[in-house]
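**Student:** data.pdb is reproduced below (PDB, C-alpha atoms, pLDDT in the B column).
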```pdb
ATOM      1  CA  MET A   1     -58.924  84.133  68.741  1.00 92.00           C
ATOM      2  CA  THR A   2     -60.708  85.541  65.675  1.00 95.00           C
ATOM      3  CA  VAL A   3     -60.453  89.343  65.398  1.00 97.00           C
ATOM      4  CA  LEU A   4     -62.241  89.765  62.059  1.00 98.00           C
ATOM      5  CA  GLU A   5     -65.064  87.746  60.563  1.00 98.00           C
ATOM      6  CA  VAL A   6     -66.538  88.627  57.165  1.00 98.00           C
ATOM      7  CA  LYS A   7     -69.557  86.571  56.101  1.00 97.00           C
ATOM      8  CA  HIS A   8     -71.313  86.632  52.685  1.00 97.00           C
ATOM      9  CA  LEU A   9     -70.327  90.260  52.115  1.00 97.00           C
ATOM     10  CA  SER A  10     -71.678  91.975  49.012  1.00 97.00           C
ATOM     11  CA  LYS A  11     -71.351  95.498  47.676  1.00 97.00           C
ATOM     12  CA  SER A  12     -73.032  97.038  44.646  1.00 95.00           C
ATOM     13  CA  PHE A  13     -72.668 100.449  43.053  1.00 92.00           C
ATOM     14  CA  GLY A  14     -75.933 100.979  41.201  1.00 87.00           C
ATOM     15  CA  GLY A  15     -76.364  97.833  39.137  1.00 86.00           C
ATOM     16  CA  LEU A  16     -72.695  96.850  39.318  1.00 92.00           C
ATOM     17  CA  ASP A  17     -71.818  94.069  41.778  1.00 94.00           C
ATOM     18  CA  VAL A  18     -68.306  94.863  42.983  1.00 96.00           C
ATOM     19  CA  LEU A  19     -68.160  92.312  45.827  1.00 97.00           C
ATOM     20  CA  LYS A  20     -70.079  89.032  45.707  1.00 97.00           C
ATOM     21  CA  ASP A  21     -70.462  86.672  48.661  1.00 96.00           C
ATOM     22  CA  ILE A  22     -67.066  87.356  50.285  1.00 97.00           C
ATOM     23  CA  SER A  23     -66.335  85.254  53.387  1.00 97.00           C
ATOM     24  CA  PHE A  24     -63.085  84.979  55.364  1.00 97.00           C
ATOM     25  CA  ASP A  25     -61.755  85.479  58.860  1.00 97.00           C
ATOM     26  CA  VAL A  26     -58.550  86.719  60.453  1.00 97.00           C
ATOM     27  CA  LYS A  27     -57.067  85.358  63.668  1.00 97.00           C
ATOM     28  CA  MET A  28     -55.013  87.367  66.135  1.00 96.00           C
ATOM     29  CA  GLY A  29     -51.363  87.611  65.057  1.00 96.00           C
ATOM     30  CA  GLU A  30     -52.124  86.463  61.518  1.00 97.00           C
ATOM     31  CA  VAL A  31     -50.928  88.249  58.364  1.00 96.00           C
ATOM     32  CA  ILE A  32     -53.279  88.002  55.379  1.00 97.00           C
ATOM     33  CA  ALA A  33     -52.192  89.151  51.908  1.00 97.00           C
ATOM     34  CA  ILE A  34     -54.940  89.936  49.406  1.00 97.00           C
ATOM     35  CA  ILE A  35     -53.785  89.784  45.787  1.00 96.00           C
ATOM     36  CA  GLY A  36     -55.530  90.016  42.417  1.00 95.00           C
ATOM     37  CA  PRO A  37     -55.823  92.143  39.280  1.00 93.00           C
ATOM     38  CA  SER A  38     -56.897  95.789  39.332  1.00 90.00           C
ATOM     39  CA  GLY A  39     -60.661  96.135  39.637  1.00 90.00           C
ATOM     40  CA  SER A  40     -61.098  92.808  41.439  1.00 94.00           C
ATOM     41  CA  GLY A  41     -62.654  94.475  44.515  1.00 94.00           C
ATOM     42  CA  LYS A  42     -59.657  94.335  46.896  1.00 96.00           C
ATOM     43  CA  SER A  43     -59.679  98.012  47.906  1.00 93.00           C
ATOM     44  CA  THR A  44     -63.483  98.129  48.058  1.00 95.00           C
ATOM     45  CA  LEU A  45     -63.376  95.207  50.496  1.00 97.00           C
ATOM     46  CA  LEU A  46     -60.994  97.132  52.768  1.00 96.00           C
ATOM     47  CA  ARG A  47     -63.148 100.257  52.499  1.00 95.00           C
ATOM     48  CA  CYS A  48     -66.252  98.299  53.550  1.00 97.00           C
ATOM     49  CA  ILE A  49     -64.507  96.829  56.604  1.00 97.00           C
ATOM     50  CA  ASN A  50     -63.194 100.291  57.533  1.00 95.00           C
ATOM     51  CA  GLN A  51     -66.679 101.870  57.201  1.00 95.00           C
ATOM     52  CA  LEU A  52     -65.622 104.043  54.262  1.00 94.00           C
ATOM     53  CA  GLU A  53     -68.268 102.322  52.106  1.00 95.00           C
ATOM     54  CA  LYS A  54     -71.677 100.955  53.137  1.00 96.00           C
ATOM     55  CA  ILE A  55     -72.157  97.272  52.426  1.00 97.00           C
ATOM     56  CA  SER A  56     -75.106  95.916  50.427  1.00 96.00           C
ATOM     57  CA  GLY A  57     -75.327  92.562  52.201  1.00 96.00           C
ATOM     58  CA  GLY A  58     -73.635  90.174  54.623  1.00 97.00           C
ATOM     59  CA  ARG A  59     -72.053  90.873  57.975  1.00 97.00           C
ATOM     60  CA  ILE A  60     -68.769  92.069  59.472  1.00 98.00           C
ATOM     61  CA  ASN A  61     -67.660  91.255  63.017  1.00 98.00           C
ATOM     62  CA  VAL A  62     -64.626  93.028  64.499  1.00 97.00           C
ATOM     63  CA  CYS A  63     -63.311  91.813  67.872  1.00 96.00           C
ATOM     64  CA  GLY A  64     -66.718  90.377  68.755  1.00 96.00           C
ATOM     65  CA  MET A  65     -68.646  93.521  67.712  1.00 97.00           C
ATOM     66  CA  GLU A  66     -71.190  93.328  64.903  1.00 97.00           C
ATOM     67  CA  MET A  67     -71.146  96.169  62.377  1.00 97.00           C
ATOM     68  CA  ILE A  68     -74.627  95.284  61.100  1.00 97.00           C
ATOM     69  CA  GLU A  69     -77.316  95.209  63.778  1.00 95.00           C
ATOM     70  CA  LYS A  70     -80.125  93.684  61.708  1.00 94.00           C
ATOM     71  CA  TYR A  71     -81.743  93.565  58.291  1.00 94.00           C
ATOM     72  CA  LYS A  72     -84.870  95.551  57.432  1.00 95.00           C
ATOM     73  CA  ASN A  73     -86.661  94.958  54.126  1.00 92.00           C
ATOM     74  CA  GLY A  74     -83.587  93.073  52.949  1.00 90.00           C
ATOM     75  CA  LYS A  75     -81.245  95.991  53.644  1.00 93.00           C
ATOM     76  CA  PRO A  76     -78.522  96.112  56.321  1.00 95.00           C
ATOM     77  CA  VAL A  77     -79.082  98.374  59.322  1.00 96.00           C
ATOM     78  CA  TYR A  78     -75.800  99.494  60.862  1.00 97.00           C
ATOM     79  CA  ALA A  79     -75.130  99.361  64.603  1.00 97.00           C
ATOM     80  CA  SER A  80     -75.322 102.506  66.745  1.00 97.00           C
ATOM     81  CA  ALA A  81     -72.835 105.348  66.207  1.00 96.00           C
ATOM     82  CA  GLN A  82     -71.206 104.482  69.526  1.00 95.00           C
ATOM     83  CA  GLU A  83     -70.744 100.817  68.533  1.00 96.00           C
ATOM     84  CA  LEU A  84     -69.363 101.787  65.116  1.00 96.00           C
ATOM     85  CA  ARG A  85     -66.902 104.160  66.792  1.00 95.00           C
ATOM     86  CA  SER A  86     -65.740 101.343  69.085  1.00 95.00           C
ATOM     87  CA  ILE A  87     -65.213  99.143  66.027  1.00 96.00           C
ATOM     88  CA  ARG A  88     -63.299 101.903  64.217  1.00 94.00           C
ATOM     89  CA  LEU A  89     -60.909 102.257  67.144  1.00 94.00           C
ATOM     90  CA  LYS A  90     -59.954  98.582  66.826  1.00 96.00           C
ATOM     91  CA  ILE A  91     -58.765  99.116  63.246  1.00 95.00           C
ATOM     92  CA  GLY A  92     -55.874 101.038  61.709  1.00 94.00           C
ATOM     93  CA  LEU A  93     -55.704 101.788  57.982  1.00 93.00           C
ATOM     94  CA  VAL A  94     -52.655 102.812  55.959  1.00 92.00           C
ATOM     95  CA  PHE A  95     -53.613 104.297  52.588  1.00 86.00           C
ATOM     96  CA  GLN A  96     -51.588 104.078  49.387  1.00 82.00           C
ATOM     97  CA  ASN A  97     -51.321 107.883  49.111  1.00 81.00           C
ATOM     98  CA  PHE A  98     -50.243 108.611  52.707  1.00 81.00           C
ATOM     99  CA  ASN A  99     -53.191 110.958  53.548  1.00 86.00           C
ATOM    100  CA  LEU A 100     -51.104 112.971  56.016  1.00 93.00           C
ATOM    101  CA  PHE A 101     -52.263 116.428  57.128  1.00 94.00           C
ATOM    102  CA  PRO A 102     -49.968 118.735  55.073  1.00 95.00           C
ATOM    103  CA  HIS A 103     -50.279 121.671  57.514  1.00 96.00           C
ATOM    104  CA  MET A 104     -49.147 119.570  60.498  1.00 96.00           C
ATOM    105  CA  SER A 105     -45.663 118.439  61.474  1.00 97.00           C
ATOM    106  CA  VAL A 106     -44.837 114.742  61.656  1.00 97.00           C
ATOM    107  CA  MET A 107     -45.288 114.806  65.443  1.00 97.00           C
ATOM    108  CA  GLN A 108     -48.660 116.577  65.157  1.00 96.00           C
ATOM    109  CA  ASN A 109     -49.829 114.048  62.562  1.00 96.00           C
ATOM    110  CA  VAL A 110     -48.994 111.143  64.863  1.00 97.00           C
ATOM    111  CA  ILE A 111     -50.487 112.572  68.097  1.00 96.00           C
ATOM    112  CA  GLU A 112     -53.632 114.111  66.547  1.00 95.00           C
ATOM    113  CA  ALA A 113     -55.872 111.036  66.872  1.00 92.00           C
ATOM    114  CA  PRO A 114     -54.658 109.823  70.297  1.00 94.00           C
ATOM    115  CA  VAL A 115     -55.218 113.312  71.757  1.00 95.00           C
ATOM    116  CA  CYS A 116     -58.447 114.238  69.944  1.00 93.00           C
ATOM    117  CA  VAL A 117     -60.089 110.812  69.610  1.00 90.00           C
ATOM    118  CA  LEU A 118     -58.751 108.800  72.547  1.00 89.00           C
ATOM    119  CA  LYS A 119     -58.453 111.932  74.764  1.00 92.00           C
ATOM    120  CA  LYS A 120     -54.945 110.943  75.784  1.00 93.00           C
ATOM    121  CA  ASN A 121     -52.717 113.298  77.721  1.00 94.00           C
ATOM    122  CA  LYS A 122     -50.612 115.266  75.197  1.00 94.00           C
ATOM    123  CA  GLU A 123     -47.290 114.437  76.864  1.00 94.00           C
ATOM    124  CA  GLU A 124     -48.158 110.730  76.997  1.00 94.00           C
ATOM    125  CA  ALA A 125     -49.157 110.831  73.320  1.00 95.00           C
ATOM    126  CA  LYS A 126     -45.870 112.590  72.450  1.00 96.00           C
ATOM    127  CA  ALA A 127     -43.798 110.004  74.348  1.00 96.00           C
ATOM    128  CA  ASN A 128     -45.562 107.217  72.452  1.00 96.00           C
ATOM    129  CA  ALA A 129     -45.097 109.067  69.140  1.00 96.00           C
ATOM    130  CA  VAL A 130     -41.340 109.448  69.788  1.00 96.00           C
ATOM    131  CA  SER A 131     -41.129 105.685  70.382  1.00 96.00           C
ATOM    132  CA  LEU A 132     -43.073 104.928  67.178  1.00 96.00           C
ATOM    133  CA  LEU A 133     -41.031 107.347  65.068  1.00 96.00           C
ATOM    134  CA  LYS A 134     -37.848 105.742  66.382  1.00 94.00           C
ATOM    135  CA  LYS A 135     -39.226 102.365  65.381  1.00 93.00           C
ATOM    136  CA  MET A 136     -39.826 103.754  61.872  1.00 93.00           C
ATOM    137  CA  GLY A 137     -36.315 105.254  61.690  1.00 92.00           C
ATOM    138  CA  LEU A 138     -37.758 108.773  61.725  1.00 94.00           C
ATOM    139  CA  GLU A 139     -36.790 110.059  65.180  1.00 93.00           C
ATOM    140  CA  ASP A 140     -35.029 113.074  63.591  1.00 95.00           C
ATOM    141  CA  LYS A 141     -38.105 114.049  61.509  1.00 96.00           C
ATOM    142  CA  ALA A 142     -40.585 114.902  64.294  1.00 96.00           C
ATOM    143  CA  ASP A 143     -40.604 118.622  63.456  1.00 96.00           C
ATOM    144  CA  SER A 144     -40.569 118.177  59.672  1.00 97.00           C
ATOM    145  CA  TYR A 145     -43.647 118.639  57.481  1.00 97.00           C
ATOM    146  CA  PRO A 146     -44.907 116.042  54.971  1.00 95.00           C
ATOM    147  CA  CYS A 147     -43.715 118.116  52.000  1.00 95.00           C
ATOM    148  CA  GLU A 148     -40.136 117.865  53.340  1.00 96.00           C
ATOM    149  CA  LEU A 149     -40.177 114.061  53.383  1.00 94.00           C
ATOM    150  CA  SER A 150     -39.651 111.425  50.717  1.00 91.00           C
ATOM    151  CA  GLY A 151     -42.582 109.192  49.761  1.00 89.00           C
ATOM    152  CA  GLY A 152     -41.122 106.332  51.796  1.00 90.00           C
ATOM    153  CA  GLN A 153     -40.755 108.566  54.851  1.00 93.00           C
ATOM    154  CA  GLN A 154     -44.327 109.859  54.475  1.00 93.00           C
ATOM    155  CA  GLN A 155     -45.616 106.285  54.312  1.00 91.00           C
ATOM    156  CA  ARG A 156     -43.655 105.375  57.455  1.00 93.00           C
ATOM    157  CA  VAL A 157     -45.260 108.360  59.219  1.00 95.00           C
ATOM    158  CA  SER A 158     -48.651 107.022  58.059  1.00 95.00           C
ATOM    159  CA  ILE A 159     -47.845 103.651  59.627  1.00 95.00           C
ATOM    160  CA  ALA A 160     -46.735 105.333  62.883  1.00 96.00           C
ATOM    161  CA  ARG A 161     -49.972 107.352  62.890  1.00 95.00           C
ATOM    162  CA  ALA A 162     -52.067 104.191  62.462  1.00 95.00           C
ATOM    163  CA  LEU A 163     -50.125 102.410  65.234  1.00 96.00           C
ATOM    164  CA  ALA A 164     -50.554 105.385  67.594  1.00 95.00           C
ATOM    165  CA  LEU A 165     -54.177 104.316  68.160  1.00 93.00           C
ATOM    166  CA  ASN A 166     -52.944 100.890  69.276  1.00 94.00           C
ATOM    167  CA  PRO A 167     -55.290  98.996  66.918  1.00 95.00           C
ATOM    168  CA  GLU A 168     -56.028  95.285  67.152  1.00 96.00           C
ATOM    169  CA  LEU A 169     -55.948  95.002  63.382  1.00 96.00           C
ATOM    170  CA  LEU A 170     -53.927  96.938  60.812  1.00 96.00           C
ATOM    171  CA  PHE A 171     -54.973  97.248  57.160  1.00 96.00           C
ATOM    172  CA  PHE A 172     -52.701  98.282  54.296  1.00 94.00           C
ATOM    173  CA  ASP A 173     -54.181  99.290  50.937  1.00 92.00           C
ATOM    174  CA  GLU A 174     -51.389  98.919  48.341  1.00 90.00           C
ATOM    175  CA  PRO A 175     -48.880 100.602  50.715  1.00 87.00           C
ATOM    176  CA  THR A 176     -46.100 100.729  48.106  1.00 86.00           C
ATOM    177  CA  SER A 177     -47.987 101.585  44.907  1.00 83.00           C
ATOM    178  CA  ALA A 178     -47.091 105.293  45.064  1.00 75.00           C
ATOM    179  CA  LEU A 179     -43.387 104.595  45.673  1.00 81.00           C
ATOM    180  CA  ASP A 180     -40.403 103.862  43.459  1.00 83.00           C
ATOM    181  CA  PRO A 181     -38.676 100.457  43.878  1.00 82.00           C
ATOM    182  CA  GLU A 182     -35.987 101.742  46.265  1.00 80.00           C
ATOM    183  CA  LEU A 183     -38.518 103.298  48.644  1.00 82.00           C
ATOM    184  CA  THR A 184     -40.777 100.247  48.339  1.00 86.00           C
ATOM    185  CA  GLY A 185     -38.083  98.219  50.108  1.00 86.00           C
ATOM    186  CA  GLU A 186     -38.184 100.597  53.108  1.00 86.00           C
ATOM    187  CA  ILE A 187     -41.907 100.033  53.639  1.00 89.00           C
ATOM    188  CA  LEU A 188     -41.803  96.285  53.121  1.00 90.00           C
ATOM    189  CA  LYS A 189     -39.033  96.090  55.733  1.00 90.00           C
ATOM    190  CA  VAL A 190     -41.234  97.950  58.248  1.00 92.00           C
ATOM    191  CA  ILE A 191     -44.216  95.667  57.560  1.00 93.00           C
ATOM    192  CA  LYS A 192     -42.005  92.579  57.916  1.00 93.00           C
ATOM    193  CA  SER A 193     -40.818  93.825  61.320  1.00 93.00           C
ATOM    194  CA  LEU A 194     -44.451  94.303  62.405  1.00 95.00           C
ATOM    195  CA  ALA A 195     -45.223  90.750  61.235  1.00 93.00           C
ATOM    196  CA  LYS A 196     -42.374  89.451  63.417  1.00 93.00           C
ATOM    197  CA  GLU A 197     -43.983  91.255  66.369  1.00 94.00           C
ATOM    198  CA  LYS A 198     -47.198  89.346  65.601  1.00 94.00           C
ATOM    199  CA  MET A 199     -49.180  92.438  64.592  1.00 96.00           C
ATOM    200  CA  THR A 200     -52.443  91.288  63.000  1.00 97.00           C
ATOM    201  CA  MET A 201     -52.462  92.639  59.444  1.00 97.00           C
ATOM    202  CA  VAL A 202     -54.464  92.487  56.223  1.00 97.00           C
ATOM    203  CA  ILE A 203     -52.392  93.709  53.284  1.00 96.00           C
ATOM    204  CA  VAL A 204     -53.697  94.413  49.789  1.00 95.00           C
ATOM    205  CA  THR A 205     -50.569  94.277  47.661  1.00 93.00           C
ATOM    206  CA  HIS A 206     -49.245  93.787  44.151  1.00 91.00           C
ATOM    207  CA  GLU A 207     -45.816  92.782  45.523  1.00 90.00           C
ATOM    208  CA  MET A 208     -46.026  89.029  44.952  1.00 93.00           C
ATOM    209  CA  ALA A 209     -42.632  88.063  46.418  1.00 89.00           C
ATOM    210  CA  PHE A 210     -43.444  90.070  49.539  1.00 90.00           C
ATOM    211  CA  ALA A 211     -46.901  88.477  49.870  1.00 93.00           C
ATOM    212  CA  LYS A 212     -45.364  85.023  49.565  1.00 93.00           C
ATOM    213  CA  GLU A 213     -42.707  85.788  52.185  1.00 91.00           C
ATOM    214  CA  VAL A 214     -44.679  87.647  54.844  1.00 92.00           C
ATOM    215  CA  ALA A 215     -48.229  86.239  54.723  1.00 95.00           C
ATOM    216  CA  ASP A 216     -49.597  83.350  56.766  1.00 96.00           C
ATOM    217  CA  ARG A 217     -52.486  83.159  54.307  1.00 97.00           C
ATOM    218  CA  VAL A 218     -53.029  84.510  50.792  1.00 97.00           C
ATOM    219  CA  ILE A 219     -56.421  85.422  49.325  1.00 98.00           C
ATOM    220  CA  PHE A 220     -56.681  85.731  45.546  1.00 97.00           C
ATOM    221  CA  MET A 221     -59.604  87.852  44.331  1.00 97.00           C
ATOM    222  CA  ASP A 222     -60.933  88.363  40.835  1.00 96.00           C
ATOM    223  CA  GLY A 223     -64.220  89.775  39.577  1.00 95.00           C
ATOM    224  CA  GLY A 224     -65.444  90.595  43.088  1.00 96.00           C
ATOM    225  CA  VAL A 225     -65.132  87.054  44.453  1.00 97.00           C
ATOM    226  CA  ILE A 226     -62.525  85.097  46.406  1.00 97.00           C
ATOM    227  CA  VAL A 227     -61.246  82.668  43.777  1.00 97.00           C
ATOM    228  CA  GLU A 228     -58.793  80.865  46.041  1.00 96.00           C
ATOM    229  CA  GLN A 229     -57.220  81.157  49.470  1.00 96.00           C
ATOM    230  CA  GLY A 230     -54.612  79.183  51.358  1.00 97.00           C
ATOM    231  CA  THR A 231     -51.020  79.251  52.576  1.00 97.00           C
ATOM    232  CA  PRO A 232     -48.490  81.010  50.322  1.00 96.00           C
ATOM    233  CA  GLU A 233     -47.210  77.591  49.238  1.00 96.00           C
ATOM    234  CA  GLU A 234     -50.707  76.420  48.329  1.00 96.00           C
ATOM    235  CA  VAL A 235     -51.622  79.558  46.375  1.00 96.00           C
ATOM    236  CA  PHE A 236     -48.288  80.361  44.716  1.00 95.00           C
ATOM    237  CA  ASP A 237     -46.844  76.899  44.141  1.00 93.00           C
ATOM    238  CA  ASN A 238     -49.846  74.565  43.998  1.00 93.00           C
ATOM    239  CA  SER A 239     -52.815  76.657  42.816  1.00 93.00           C
ATOM    240  CA  ARG A 240     -55.944  74.584  42.346  1.00 93.00           C
ATOM    241  CA  ASN A 241     -57.723  77.218  40.269  1.00 94.00           C
ATOM    242  CA  GLU A 242     -56.858  77.939  36.630  1.00 94.00           C
ATOM    243  CA  ARG A 243     -57.548  81.693  37.044  1.00 94.00           C
ATOM    244  CA  THR A 244     -55.060  81.854  39.952  1.00 95.00           C
ATOM    245  CA  ARG A 245     -52.431  80.040  37.907  1.00 94.00           C
ATOM    246  CA  GLN A 246     -53.024  82.396  34.985  1.00 93.00           C
ATOM    247  CA  PHE A 247     -52.640  85.481  37.226  1.00 94.00           C
ATOM    248  CA  LEU A 248     -49.468  84.160  38.892  1.00 93.00           C
ATOM    249  CA  HIS A 249     -47.928  82.846  35.646  1.00 85.00           C
ATOM    250  CA  ARG A 250     -45.812  85.957  35.039  1.00 74.00           C
ATOM    251  CA  TYR A 251     -44.597  86.088  38.648  1.00 73.00           C
ATOM    252  CA  ASN A 252     -43.746  82.384  38.777  1.00 67.00           C
ATOM    253  CA  ASN A 253     -41.895  82.573  35.450  1.00 65.00           C
ATOM    254  CA  SER A 254     -39.719  85.458  36.665  1.00 59.00           C
ATOM    255  CA  ASN A 255     -38.523  83.446  39.662  1.00 60.00           C
TER
END
```
Write the structure described by the file as structure tokens, please.
**Tutor:**
Amino acid sequence: MTVLEVKHLSKSFGGLDVLKDISFDVKMGEVIAIIGPSGSGKSTLLRCINQLEKISGGRINVCGMEMIEKYKNGKPVYASAQELRSIRLKIGLVFQNFNLFPHMSVMQNVIEAPVCVLKKNKEEAKANAVSLLKKMGLEDKADSYPCELSGGQQQRVSIARALALNPELLFFDEPTSALDPELTGEILKVIKSLAKEKMTMVIVTHEMAFAKEVADRVIFMDGGVIVEQGTPEEVFDNSRNERTRQFLHRYNNSN
């Protein structure tokens, strides 16, 4: 079953085309790694799918729901607010800089959305949060505040918070870029465990070894286009495109 379908997506800022004719899909239980140089459009792509940026063209379908209702005078008209909210609830997003509420405890951060957005019973939300924090190895940090945690712990709270909404699809935007190498390992371990549980994920990452190990499919972007996509073996070991080979040259030579 396809949970995400992106067709001919484009995004421009003024006269600058940041995304050009992007098409790919994601099936349930699949892990997609998106790699590429800085400025290639990876994060903008995630922001468009998560409704943090308006698209300029194309279409996005999440779990059978269309984000764009129609086109008027060549411009996309978004679906109703209610439909867009339904789409948002199917998606979880983990940012590179944690984005936790600093004035709230870890527990409050995790239960905020289930209680306020999903209108869940507070005790039910707390029970689920305890389970998620245990899964993240943070069961003893429920009453701590973000400022009392390491970067790796804050990122694990961010993942627990995203999972608390029980999304169909989880996005990671460079989840380890703000962490030192030791803490990076903590987060990659958590994501690997989610992959084993068949959580559907799209991960923008600069960790090449991790992308090769955890992804079912790798998408290489450059200059706002998908240059190449395929299995990790196809992209990393048998690249058909010269630009892909050039980008991966340093990684392949260090292994």
**Student:** Looking at all atoms listed in the file, which of A:Leu188, A:Ala142, A:Leu89, A:Met199 is the one that sits closest to Val110 (chain A)?
**Tutor:**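 That would be A:Ala142, the residue with the smallest distance to Val110 (chain A).
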**Student:** For the structure provided, state which residues fall under the PyMOL selection byres ((chain A and resi 6) around 10), and present them as number ranges by chain.
**Tutor:** A: 4-5, 7-9, 21-26, 45, 49, 58-62
**Student:** On this structure, which residues satisfy the PyMOL selection byres ((chain A and resi 146) around 9), written as a PyMOL selection string?
**Tutor:** chain A and resi 100-106+144-145+147-151+153-154+157
**Student:** Looking at only C-alpha atoms, which of A:Gly223, A:Glu174, A:Gly57, A:Thr200 is the one that sits closest to Tyr71 (chain A)?
**Tutor:**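 Going through A:Gly223, A:Glu174, A:Gly57, A:Thr200 one by one, the smallest distance to Tyr71 (chain A) is for A:Gly57.
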**Student:** Give me, as a list in words, all polymer residues having an atom no more than 10 Å from Arg217 (chain A), counting all atoms listed in the file and skipping those fewer than 3 positions away in the same chain.
**Tutor:**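 Non-adjacent residues within range: Val26, Glu30, Val31, Ile32, Ala33, Ile34, Val202, Ala211, Lys212, Val214, Gln229, Gly230, Thr231, Pro232, Glu233, Glu234 and Val235 of chain A.
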**Student:** For the PyMOL selection byres ((chain A and resi 78) around 10), applied here, can you spell out every residue it catches as a ChimeraX atom specification?
**Tutor:** /A:54-55,59,66-71,75-77,79-81,83-84
**Student:** From the set A:Cys48, A:Ala162, A:Leu169, A:Ala195, which residue has the shortest atom-to-atom contact distance to Thr2 (chain A), counting all atoms listed in the file?
**Tutor:**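 The closest residue to Thr2 (chain A) is A:Leu169.
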**Student:** Grab the CA of Arg243 (chain A) to CA of Ile226 (chain A) distance for me, in Å with one decimal place.
**Tutor:**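 Those two atoms sit 11.1 Å apart.
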**Student:** Given all atoms listed in the file as the basis, pick out the residue of A:Lys90, A:Thr205, A:Gly29, A:Glu53 nearest to Ser12 (chain A).
**Tutor:**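 The answer is A:Glu53, which sits nearest to Ser12 (chain A).
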**Student:** Counting only C-alpha atoms, figure out which residue out of A:Asn73, A:Gln155, A:Asn97, A:Asn166 gets nearest to Val190 (chain A).
**Tutor:**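 For Val190 (chain A), the nearest of the candidates is A:Gln155.
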**Student:** Could you tell me how far CA of Asp173 (chain A) sits from CA of Val204 (chain A), in Å to one decimal place?
**Tutor:**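 So the answer is 5.0 Å.
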**Student:** From the set A:Val117, A:Val18, A:Val227, A:Met136, which residue has the shortest atom-to-atom contact distance to Glu242 (chain A), counting all atoms listed in the file?
**Tutor:**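 Nearest to Glu242 (chain A): A:Val227.
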**Student:** Might you pull out every residue within 10 Å of Ser177 (chain A), with only C-alpha atoms counted and same-chain residues fewer than 5 positions away left off, and present them as a list in words?
**Tutor:**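 Once the nearby chain positions are removed, what remains is Phe95, Gln96, Asn97, Thr184, Thr205, His206 and Glu207 of chain A.
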**Student:** Enter the distance from CA of Ala164 (chain A) to CA of Thr176 (chain A), in Å, rounded to one decimal.
**Tutor:**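 These atoms are spaced 20.5 Å apart.
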**Student:** May I have the residues within 12 Å of Lys120 (chain A) as an NGL selection string, using only C-alpha atoms and disregarding those fewer than 6 positions away in the same chain?
**Tutor:** :A and (111-114 or 126-128 or 164-165)
**Student:** Find the residues around His249 (chain A) up to 12 Å (only C-alpha atoms counted), leave out those fewer than 5 positions away in its own chain, and share them as a PyMOL selection string.
**Tutor:** chain A and resi 208+235-239+242-244+254-255
